[in-house]
Amino acid sequence: MVPQSGAPGPIVVPTPTACQVRCAGCRGILNVPAGITEFACPNCKLQQMLPPELRHQQQQQQGIAQGIDPSKIQLPCAHCKSLLNVPHGLDRFVCPQCKVELAVDLTKLHNYLTTLSNGGFTTTAYISGQPEEVVVDVEREEDEGGTIGETFTDYRPSKLSIGPPHPDPVVETSSLSAVQPPEPTYELKIAEEMEKSSALSSLQLETIIYASQRHSQHLPDNKRAGFFMGDGAGVGKGRTIAGLIWENWQHGRRKAVWLSVSSDLKFDARRDLDDVGATCVEVHALNKLPYSKLDSKSVGIMEGVIFLTYSSLIASSEKGRSRLQQLVKWCGPENDGLLVFDECHKAKNLVPESGGQATRTGEAVLEIQVQLPEARVVYCSATGASEPRNMGYMVRLGLWGPGTCFPQFQSFLEALEKRGVGALELVAMDMKARGMYVCRTLSFKGAEFEVVEVPLEADMMEMYKNAARLWAELRVELLKATASLSDERPNSSQLWRLYWASHQRFFRHMCMSAKVPAVVRLAKQALLEDKCVVIGLQSTGEARTEEAVTKYGAELDDFVSGPRELLLKLVEDNYPLPQQPVQMPEEGVKESGRKRHVAPTGISFKGRIRKAARCKAPSDVETDGEYETESEPESTDSDEEYQICEICMIEDTTKTVLQCSSCGKSIHAACLVPPEMDLVEGDWSCPMCKKQTEEYIKSRHAYIADLWKRYEAAKERKNQILETIRALDLPNNPLDDIIDQIGGPDRVAEMTGRRGMLVRASSGKGVVYQARNTKDVSMEMVNMHEKQLFMDGKKLVAVISEAGSAGVSLQADRRAKNQKRRVHITLELPWSADRAIQQFGRTHRSNQACAPEYRLLFTNLGGERRFASIVAKRLESLGALTQGDRRAGPSLSAYNYDSVYGKRALHMMYKAIIEQSDQPVLPPNCLVGEREKIQEFHSLARAALISVGIIRDAIPEGTGKDTWKLSGRILENDMNDVGRFLNRILGLAPDIQNRLFEYFISILDILVQDARKEGDFDSGIVDIKANLIKLQGSPKTVHVDAMSGASTTLFTLMIDRGITFEAASGLLDQNAKIVVNQTDDGFYESKREWLGRKHFLLAIECPRLLPRTFKIFRPASGEALREMNLVELRSKYKRVSSVEKVHDFWQEEFQISAEQCMHGPKCKAGASCTIGKRIQEFNILGGLILPVWGIVEKSLSKQLTRMVLMFLRHGKVTGDYGLYA
């Protein structure tokens, strides 16, 4: 790029290619010059931007170019004035001459757009004396992105000083920590005992106090209030429950019911009770007891703890006796003992999605609470409310029902879903403020989380392409086979439900198999680093393995391919075949002919014979009297005595008479032509019947032959498909493959629900199916045995599934021999967030020597993000609902596509692909003006969506060269179904799958970016740091909760975020005294001007961080929410050595920002814009929000479209929390 010196005249460069876009407002066509990314329509003045693909296609140009490049846009550097050839779409870059970072200033594009609107384009890059700087350094005073505030804070009971500290660091989300629980009024009877024994920590005793205090209250419907214990995995919920049982025991409440997920946990319950000193409290396993009365003489259980699983709760005997009623009778309707729902997430499906049915477990949990209104209910789970729908069984919390804003759970659910994750955060904080909820978790300090993207290897890529092609062909075959059956068509909807369910499972298996090499590599690397490995998955492939063993025997050549067996089963069991025809025997044909030709006459055969005998002349005239003789009682004539020939109509007993076996008519043998001279044995047919029967038999044989032909053809086609599937190269079962590659069962501890497994034969050739247990270990204890081998260090790799690892502790326990650091590899992410959290909690628990490393594996397939999307969405809402802060969960938010913006993006993409609307962004690998390439992509996309059943009723359209075009329709329900889209595209070849997904993501990014600009994006909790928070007027109490005494208060606050020069200098001096040799600390001046003036900031280095990172302080906004690394700091700012120079500029900006935003006095948003404004005013509704939800809803509907939670921070002191209105 040629530097320009002096003050030359205007430099006119050749016109680069401009792209044409349609205005989103007035729909007019605009010519947008290359390199401009954001612009305003000259007609309707609507601010718009180009799609990101255009920017992504260009690479930043480094070095010096020779002359002007007409394919690029020429813009002058704002610092050194060099003329730069800027690639199209590049909006941020570094000047190669002066190394200053530059960006496009959108406020300087007016001249360009005015010229463009007139149809021409001339670039005036530099004018002597009047520089038109369209490139300046843009420093946004309001930072976007980055970590906002502290997500977790160390937890200590705020209003109690009883008991020893917890043995491990425990934290609470910063949002919940801003909420104070009610004053504790309950006096603990076991307090002195626990102080002496130190069996319970301070936070466990706090839980017991608040639970007991809550249980002393009643809801407006006169049922006893319940308590929700939401502590994370490993905090010690079991021992807390034991302490609560022991406290109630001291008050004479000697009956308790404890439900959990596994009967093995009964031994943990016994251990916990013993630890708190409750050795006299018996624990009875309900599954070992008869269905008779528990307090009868034969059973004799008068008191103690009844321990049962959720499966036992819904069980019943052959005589119809249920465990639920057995428990109710034992407790009694007036019983006020404990009813503990441990791991209560098992009851979460009481209120299913639309179209689903409530689970028996959810209904039973609700029923026992109804029948025991005085029971002291405790809900206990780290994931008890992964989404608000799953709270339906928590009726004792009093969040809905009489005396609340929500008469039914459905209205409570609708309100929360309407307001998004922000409303869920409010629920958690309200529950804590009312004393019904605690939620602490072990600190993840030292734990590492990493999302590992695993690219498909070449052989797996080819395997995946072939599988996708086969599924597309199979769909066509099934459509043809179903259509050919006509009236015999089976239940088509059932067939396609099975097809798509198998399709999803198949490609999920493929994704798992694609990650097996990475899992093995990571596992072996961890073992080399003297660590041990835990591999988490959900699908063991046991069903497919057992089917294969049943078909092929226990000795096989290789491990079973789960995808192949699944596909074979689908085709074998569900391929539509015509009904197999059955050949009709000859006797059946004759019988059929007889039934056809014998016609009812209304009179007996005898009557016809007698009538013919009396006939004097051939006449059709018959008198009534003749009919009267037919029933004369004295007649004893038989049919054989009167046989009239149907040909000659004469009765002649001397002639041989033949009777047709089909129609029953009699004919003289001599009357036949030719006469029948031989003796006829067996059945005989008259000439007419014989002719008709032969025609029937002939047509019947032809029909049956055609049926056989169709049947054999369909069967042959089915066999061909099965042979194609058998010949297809598909991966082995991932679980068996991993165990085999790591060293076999002797080196890998398996904790799953399967009963058998395939292992390498001792000869090394082939595999053999064998049971997992041995003679010394029963099947019930095999998982516990494997766990012990892992904890003792005899096996350093463990594979766990949900079915086999519930309640299992695999952390680096200080009491275990194996204290090596755990590397937890998630091969297959669970379907739900609560299951994911439960699986993560297996390796991160109390009393561990070191925190684990988590490795979450995903392929680079766009479709697999479906599974990440489900769990990311649940993790986000789980963190918000159970911990009051969506930021508390593992960071998978980048994979949450099933959102309101995702649905809108999908709708826009579908419309563009089927050409019902303009494309919102350029498709992947397409540039502006490449019309044919864009059309080609849309055609490929349509074909792909047709192959996976999203576009339906596809028909060719056009003539000649356009006959390859396809059109069709997408059902309205599918237009917004992100889950179905991500499910279905799994069945596409990787290249088109990833291009479709990239297209979807590009549209989604634009929508989210626009929502952020408009202020409509739901960012949830917002931390506001201020140096001065001043209350305007007196707070107004608008509501007081009768049960807890917590209030709802309206505050009007004036917030001053800025920092004076004196205060900034004081921070710098104070830091210099504490930390030495911080040479880069100090005041910095921006290299570029913004709105005609320089800007200044104070940078103080954060200790012990690499890369070197600085806290940033600005005059208008104080401490920035986002820290800045050294490279970025030096590229945008230069250090000022003279403090006196900074003083005047700092104070000027401090004063100006008190009245106006960073956009200056001509800001389009006017006084409502607060970006960069130092002094702001907020109306904050603090305290409880749910009790006044109705009022809040009315206010929000008039003023806001979203809910914002705000935390006011003054230095390090957290103020109140509330809802910004």
# chains A, B, ... in the order shown; residues from 1 in each chain; ligands from 1
$ select_by_dssp --residues "range 730-768 of chain A" --states "strand (DSSP E or B)" --output "count of residues only"
11
$ residues_around --residues "Leu735 in chain A" --least-positions-apart "6" --cutoff "12 Å" --atoms "only C-alpha atoms" --output "PyMOL selection string"
chain A and resi 509+512-513+515-516+519-520+535-542+545+559-562+741-742+744-745+748-752+754+757-759+798-801+827-828
$ write_last_selection --atoms "N, CA and C atoms" --output "short mmCIF file (atom, residue, chain, number, x, y, z; two decimals), in the first residue's frame"
data_model
loop_
_atom_site.label_atom_id
_atom_site.label_comp_id
_atom_site.auth_asym_id
_atom_site.auth_seq_id
_atom_site.Cartn_x
_atom_site.Cartn_y
_atom_site.Cartn_z
N HIS A 509 -24.96 -43.11 16.99
CA HIS A 509 -23.92 -44.15 17.12
C HIS A 509 -22.72 -43.81 16.23
N MET A 512 -20.68 -41.16 17.88
CA MET A 512 -19.91 -41.74 18.98
C MET A 512 -18.70 -42.49 18.45
N SER A 513 -18.93 -43.29 17.42
CA SER A 513 -17.83 -44.09 16.86
C SER A 513 -16.75 -43.21 16.28
N LYS A 515 -15.70 -40.57 17.46
CA LYS A 515 -14.90 -40.00 18.55
C LYS A 515 -14.07 -41.06 19.29
N VAL A 516 -14.25 -42.32 18.94
CA VAL A 516 -13.54 -43.39 19.65
C VAL A 516 -12.02 -43.21 19.55
N VAL A 519 -11.02 -40.57 21.98
CA VAL A 519 -11.16 -41.02 23.37
C VAL A 519 -9.98 -41.89 23.76
N VAL A 520 -9.65 -42.84 22.91
CA VAL A 520 -8.52 -43.74 23.20
C VAL A 520 -7.23 -42.95 23.30
N ILE A 535 -14.68 -42.47 31.58
CA ILE A 535 -15.32 -42.22 30.30
C ILE A 535 -16.83 -42.33 30.49
N GLY A 536 -17.55 -41.27 30.17
CA GLY A 536 -19.00 -41.26 30.36
C GLY A 536 -19.74 -41.40 29.05
N LEU A 537 -20.74 -42.27 29.03
CA LEU A 537 -21.60 -42.44 27.86
C LEU A 537 -22.99 -42.82 28.32
N GLN A 538 -23.93 -42.88 27.40
CA GLN A 538 -25.31 -43.22 27.72
C GLN A 538 -25.74 -44.54 27.09
N SER A 539 -25.33 -44.78 25.84
CA SER A 539 -25.77 -45.96 25.10
C SER A 539 -24.69 -47.04 25.16
N THR A 540 -25.04 -48.20 25.66
CA THR A 540 -24.09 -49.30 25.73
C THR A 540 -24.19 -50.23 24.53
N GLY A 541 -25.29 -50.17 23.78
CA GLY A 541 -25.47 -51.06 22.63
C GLY A 541 -25.80 -52.49 23.02
N GLU A 542 -26.27 -52.69 24.26
CA GLU A 542 -26.53 -54.05 24.72
C GLU A 542 -27.62 -54.74 23.91
N THR A 545 -26.28 -55.97 20.65
CA THR A 545 -25.34 -57.06 20.87
C THR A 545 -26.07 -58.36 21.16
N PHE A 559 -16.36 -57.60 16.72
CA PHE A 559 -17.37 -56.95 17.55
C PHE A 559 -18.59 -56.59 16.72
N VAL A 560 -19.71 -56.55 17.37
CA VAL A 560 -20.97 -56.24 16.70
C VAL A 560 -20.99 -54.76 16.33
N SER A 561 -21.45 -54.49 15.12
CA SER A 561 -21.66 -53.11 14.71
C SER A 561 -23.07 -52.70 15.11
N GLY A 562 -23.17 -51.83 16.10
CA GLY A 562 -24.48 -51.38 16.55
C GLY A 562 -25.30 -50.72 15.45
N GLN A 741 -9.51 -51.45 22.83
CA GLN A 741 -8.32 -50.70 22.45
C GLN A 741 -7.51 -50.24 23.65
N ILE A 742 -8.14 -50.07 24.79
CA ILE A 742 -7.41 -49.61 25.98
C ILE A 742 -6.76 -50.77 26.73
N GLY A 744 -8.77 -54.09 27.27
CA GLY A 744 -9.70 -55.15 27.60
C GLY A 744 -10.27 -55.02 29.00
N PRO A 745 -11.18 -55.94 29.37
CA PRO A 745 -11.84 -55.88 30.68
C PRO A 745 -10.89 -55.97 31.86
N VAL A 748 -9.99 -52.21 32.29
CA VAL A 748 -11.06 -51.21 32.29
C VAL A 748 -12.18 -51.66 33.22
N ALA A 749 -12.54 -50.80 34.15
CA ALA A 749 -13.66 -51.07 35.05
C ALA A 749 -14.94 -50.54 34.39
N GLU A 750 -15.88 -51.44 34.20
CA GLU A 750 -17.13 -51.05 33.54
C GLU A 750 -18.26 -50.96 34.55
N MET A 751 -18.90 -49.80 34.62
CA MET A 751 -20.04 -49.60 35.51
C MET A 751 -21.23 -49.17 34.67
N THR A 752 -21.87 -50.15 34.04
CA THR A 752 -23.02 -49.89 33.17
C THR A 752 -24.16 -50.83 33.56
N ARG A 754 -25.48 -53.13 31.45
CA ARG A 754 -25.58 -54.33 30.61
C ARG A 754 -25.12 -55.57 31.35
N MET A 757 -20.98 -58.94 27.67
CA MET A 757 -20.13 -58.14 26.79
C MET A 757 -19.35 -59.08 25.87
N LEU A 758 -18.83 -58.51 24.79
CA LEU A 758 -17.99 -59.25 23.86
C LEU A 758 -16.53 -58.94 24.18
N VAL A 759 -15.73 -59.99 24.26
CA VAL A 759 -14.31 -59.82 24.56
C VAL A 759 -13.50 -60.60 23.54
N ALA A 798 -12.17 -46.23 33.91
CA ALA A 798 -13.55 -46.62 34.23
C ALA A 798 -14.46 -46.09 33.14
N VAL A 799 -15.44 -46.93 32.74
CA VAL A 799 -16.47 -46.52 31.79
C VAL A 799 -17.79 -46.56 32.53
N ILE A 800 -18.50 -45.43 32.52
CA ILE A 800 -19.75 -45.36 33.28
C ILE A 800 -20.90 -44.95 32.37
N SER A 801 -22.08 -45.47 32.69
CA SER A 801 -23.32 -45.01 32.08
C SER A 801 -24.26 -44.61 33.21
N LEU A 827 -17.82 -39.01 26.20
CA LEU A 827 -17.96 -39.49 24.82
C LEU A 827 -19.33 -39.16 24.26
N GLU A 828 -20.34 -39.34 25.08
CA GLU A 828 -21.72 -39.11 24.65
C GLU A 828 -22.39 -38.25 25.70
#
$ atom_distance --atom1 "CA of Phe409 in chain A" --atom2 "CA of Trp258 in chain A"
25.5 Å
$ residues_around --residues "Thr404 in chain A" --least-positions-apart "4" --cutoff "10 Å" --atoms "only C-alpha atoms" --output "PyMOL selection string"
chain A and resi 220+398-400+408+412+1186-1190
$ write_last_selection --atoms "N, CA and C atoms" --output "PDB file, in the first residue's frame"
ATOM      1  N   PRO A 220     -51.334 -21.650  52.492  1.00  0.00           N
ATOM      2  CA  PRO A 220     -52.731 -21.194  52.550  1.00  0.00           C
ATOM      3  C   PRO A 220     -53.761 -22.304  52.382  1.00  0.00           C
ATOM      4  N   GLY A 398     -45.298 -23.869  47.680  1.00  0.00           N
ATOM      5  CA  GLY A 398     -46.220 -22.740  47.748  1.00  0.00           C
ATOM      6  C   GLY A 398     -45.962 -21.670  46.709  1.00  0.00           C
ATOM      7  N   LEU A 399     -45.358 -22.046  45.587  1.00  0.00           N
ATOM      8  CA  LEU A 399     -45.102 -21.073  44.527  1.00  0.00           C
ATOM      9  C   LEU A 399     -46.347 -20.828  43.683  1.00  0.00           C
ATOM     10  N   TRP A 400     -47.269 -21.765  43.680  1.00  0.00           N
ATOM     11  CA  TRP A 400     -48.541 -21.612  42.977  1.00  0.00           C
ATOM     12  C   TRP A 400     -49.647 -22.203  43.844  1.00  0.00           C
ATOM     13  N   GLN A 408     -52.900 -22.034  39.313  1.00  0.00           N
ATOM     14  CA  GLN A 408     -52.533 -23.389  38.930  1.00  0.00           C
ATOM     15  C   GLN A 408     -51.071 -23.416  38.508  1.00  0.00           C
ATOM     16  N   PHE A 412     -48.268 -20.692  36.388  1.00  0.00           N
ATOM     17  CA  PHE A 412     -46.901 -20.454  36.856  1.00  0.00           C
ATOM     18  C   PHE A 412     -45.900 -20.803  35.754  1.00  0.00           C
ATOM     19  N   LEU A1186     -42.060 -12.789  42.980  1.00  0.00           N
ATOM     20  CA  LEU A1186     -43.162 -13.694  42.631  1.00  0.00           C
ATOM     21  C   LEU A1186     -44.496 -13.305  43.273  1.00  0.00           C
ATOM     22  N   PRO A1187     -44.509 -12.859  44.531  1.00  0.00           N
ATOM     23  CA  PRO A1187     -45.819 -12.504  45.109  1.00  0.00           C
ATOM     24  C   PRO A1187     -46.514 -11.338  44.410  1.00  0.00           C
ATOM     25  N   VAL A1188     -45.743 -10.504  43.697  1.00  0.00           N
ATOM     26  CA  VAL A1188     -46.361  -9.357  43.004  1.00  0.00           C
ATOM     27  C   VAL A1188     -46.205  -9.526  41.491  1.00  0.00           C
ATOM     28  N   TRP A1189     -46.138 -10.766  41.060  1.00  0.00           N
ATOM     29  CA  TRP A1189     -45.875 -11.043  39.647  1.00  0.00           C
ATOM     30  C   TRP A1189     -46.940 -10.414  38.730  1.00  0.00           C
ATOM     31  N   GLY A1190     -48.174 -10.456  39.151  1.00  0.00           N
ATOM     32  CA  GLY A1190     -49.239  -9.908  38.316  1.00  0.00           C
ATOM     33  C   GLY A1190     -49.026  -8.438  38.027  1.00  0.00           C
TER      34      GLY A1190
END
$ atom_distance --atom1 "CA of Leu1050 in chain A" --atom2 "CA of Pro157 in chain A"
27.1 Å
$ residues_around --residues "range 1144-1147 of chain A" --least-positions-apart "6" --cutoff "9 Å" --atoms "only C-alpha atoms" --output "list in words"
Thr1060, Phe1061, Lys1094, His1095, Phe1096, Leu1097, Arg1114 and Pro1115 of chain A
$ write_last_selection --atoms "all heavy atoms" --output "CSV table (one decimal), in the first residue's frame"
chain,number,residue,atom,x,y,z
A,1060,THR,N,-13.2,9.8,39.5
A,1060,THR,CA,-12.5,11.0,39.4
A,1060,THR,C,-11.0,10.8,39.1
A,1060,THR,O,-10.5,9.7,39.4
A,1060,THR,CB,-12.7,11.9,40.6
A,1060,THR,OG1,-12.1,11.2,41.7
A,1060,THR,CG2,-14.1,12.1,40.9
A,1061,PHE,N,-10.3,11.8,38.6
A,1061,PHE,CA,-8.9,11.7,38.4
A,1061,PHE,C,-8.1,11.5,39.7
A,1061,PHE,O,-7.2,10.7,39.7
A,1061,PHE,CB,-8.4,13.0,37.7
A,1061,PHE,CG,-6.9,12.9,37.5
A,1061,PHE,CD1,-6.4,12.2,36.4
A,1061,PHE,CD2,-6.0,13.6,38.3
A,1061,PHE,CE1,-5.0,12.2,36.2
A,1061,PHE,CE2,-4.7,13.6,38.1
A,1061,PHE,CZ,-4.1,12.9,37.1
A,1094,LYS,N,-9.5,13.0,22.1
A,1094,LYS,CA,-8.8,11.8,22.6
A,1094,LYS,C,-9.5,11.3,23.9
A,1094,LYS,O,-10.1,12.0,24.6
A,1094,LYS,CB,-7.3,12.1,22.9
A,1094,LYS,CG,-6.5,12.6,21.7
A,1094,LYS,CD,-6.2,11.4,20.8
A,1094,LYS,CE,-5.3,11.9,19.6
A,1094,LYS,NZ,-3.9,12.1,20.1
A,1095,HIS,N,-9.2,10.0,24.2
A,1095,HIS,CA,-9.8,9.4,25.4
A,1095,HIS,C,-8.7,8.8,26.2
A,1095,HIS,O,-7.7,8.3,25.7
A,1095,HIS,CB,-10.8,8.3,25.0
A,1095,HIS,CG,-12.1,8.9,24.3
A,1095,HIS,ND1,-13.2,9.2,25.0
A,1095,HIS,CD2,-12.3,9.3,23.0
A,1095,HIS,CE1,-14.1,9.7,24.2
A,1095,HIS,NE2,-13.6,9.8,23.0
A,1096,PHE,N,-8.9,8.7,27.5
A,1096,PHE,CA,-7.9,8.3,28.4
A,1096,PHE,C,-8.4,7.2,29.3
A,1096,PHE,O,-9.6,7.1,29.6
A,1096,PHE,CB,-7.4,9.5,29.3
A,1096,PHE,CG,-6.6,10.5,28.5
A,1096,PHE,CD1,-7.3,11.4,27.8
A,1096,PHE,CD2,-5.2,10.5,28.5
A,1096,PHE,CE1,-6.6,12.4,27.0
A,1096,PHE,CE2,-4.5,11.4,27.8
A,1096,PHE,CZ,-5.2,12.4,27.0
A,1097,LEU,N,-7.5,6.3,29.8
A,1097,LEU,CA,-7.9,5.3,30.7
A,1097,LEU,C,-6.8,5.0,31.6
A,1097,LEU,O,-5.6,5.4,31.4
A,1097,LEU,CB,-8.4,4.0,30.0
A,1097,LEU,CG,-7.4,3.3,29.0
A,1097,LEU,CD1,-6.4,2.5,29.7
A,1097,LEU,CD2,-8.2,2.5,28.0
A,1114,ARG,N,-12.1,3.8,33.4
A,1114,ARG,CA,-12.4,5.0,32.5
A,1114,ARG,C,-13.1,6.0,33.3
A,1114,ARG,O,-13.8,5.8,34.3
A,1114,ARG,CB,-13.2,4.5,31.3
A,1114,ARG,CG,-12.5,3.6,30.4
A,1114,ARG,CD,-13.3,3.3,29.1
A,1114,ARG,NE,-12.6,2.5,28.2
A,1114,ARG,CZ,-12.6,1.2,28.1
A,1114,ARG,NH1,-13.4,0.6,29.0
A,1114,ARG,NH2,-11.9,0.5,27.2
A,1115,PRO,N,-13.0,7.3,32.9
A,1115,PRO,CA,-13.6,8.4,33.6
A,1115,PRO,C,-15.1,8.2,33.7
A,1115,PRO,O,-15.7,8.5,34.8
A,1115,PRO,CB,-13.2,9.7,32.8
A,1115,PRO,CG,-12.0,9.3,32.0
A,1115,PRO,CD,-12.1,7.8,31.8
$ closest_atom_pairs --of "range 386-468 of chain A" --to "range 837-847 of chain A" --cutoff "12 Å" --atoms "only C-alpha atoms" --output "Markdown table"
| residue | atom | partner | partner_atom | distance |
| --- | --- | --- | --- | --- |
| A:Ser386 | CA | A:Ile837 | CA | 9.9 |
| A:Thr441 | CA | A:Arg845 | CA | 9.5 |
| A:Leu442 | CA | A:Arg845 | CA | 7.2 |
| A:Ser443 | CA | A:His844 | CA | 9.4 |
| A:Phe444 | CA | A:His844 | CA | 8.2 |
| A:Lys445 | CA | A:His844 | CA | 10.8 |
| A:Gly446 | CA | A:His844 | CA | 10.7 |
| A:Ala447 | CA | A:His844 | CA | 8.5 |
| A:Glu448 | CA | A:His844 | CA | 11.2 |
| A:Phe449 | CA | A:Phe840 | CA | 10.7 |
$ closest_residue --among "A:Met1124, A:Val281, A:Val534, A:Leu927" --to "Lys795 in chain A" --atoms "only C-alpha atoms"
A:Val534
$ closest_residue --among "A:Glu477, A:Asp275, A:Asp813, A:Leu906" --to "Gln720 in chain A" --atoms "only C-alpha atoms"
A:Glu477
$ atom_distance --atom1 "CA of Gln1151 in chain A" --atom2 "CA of Asp1056 in chain A"
11.7 Å
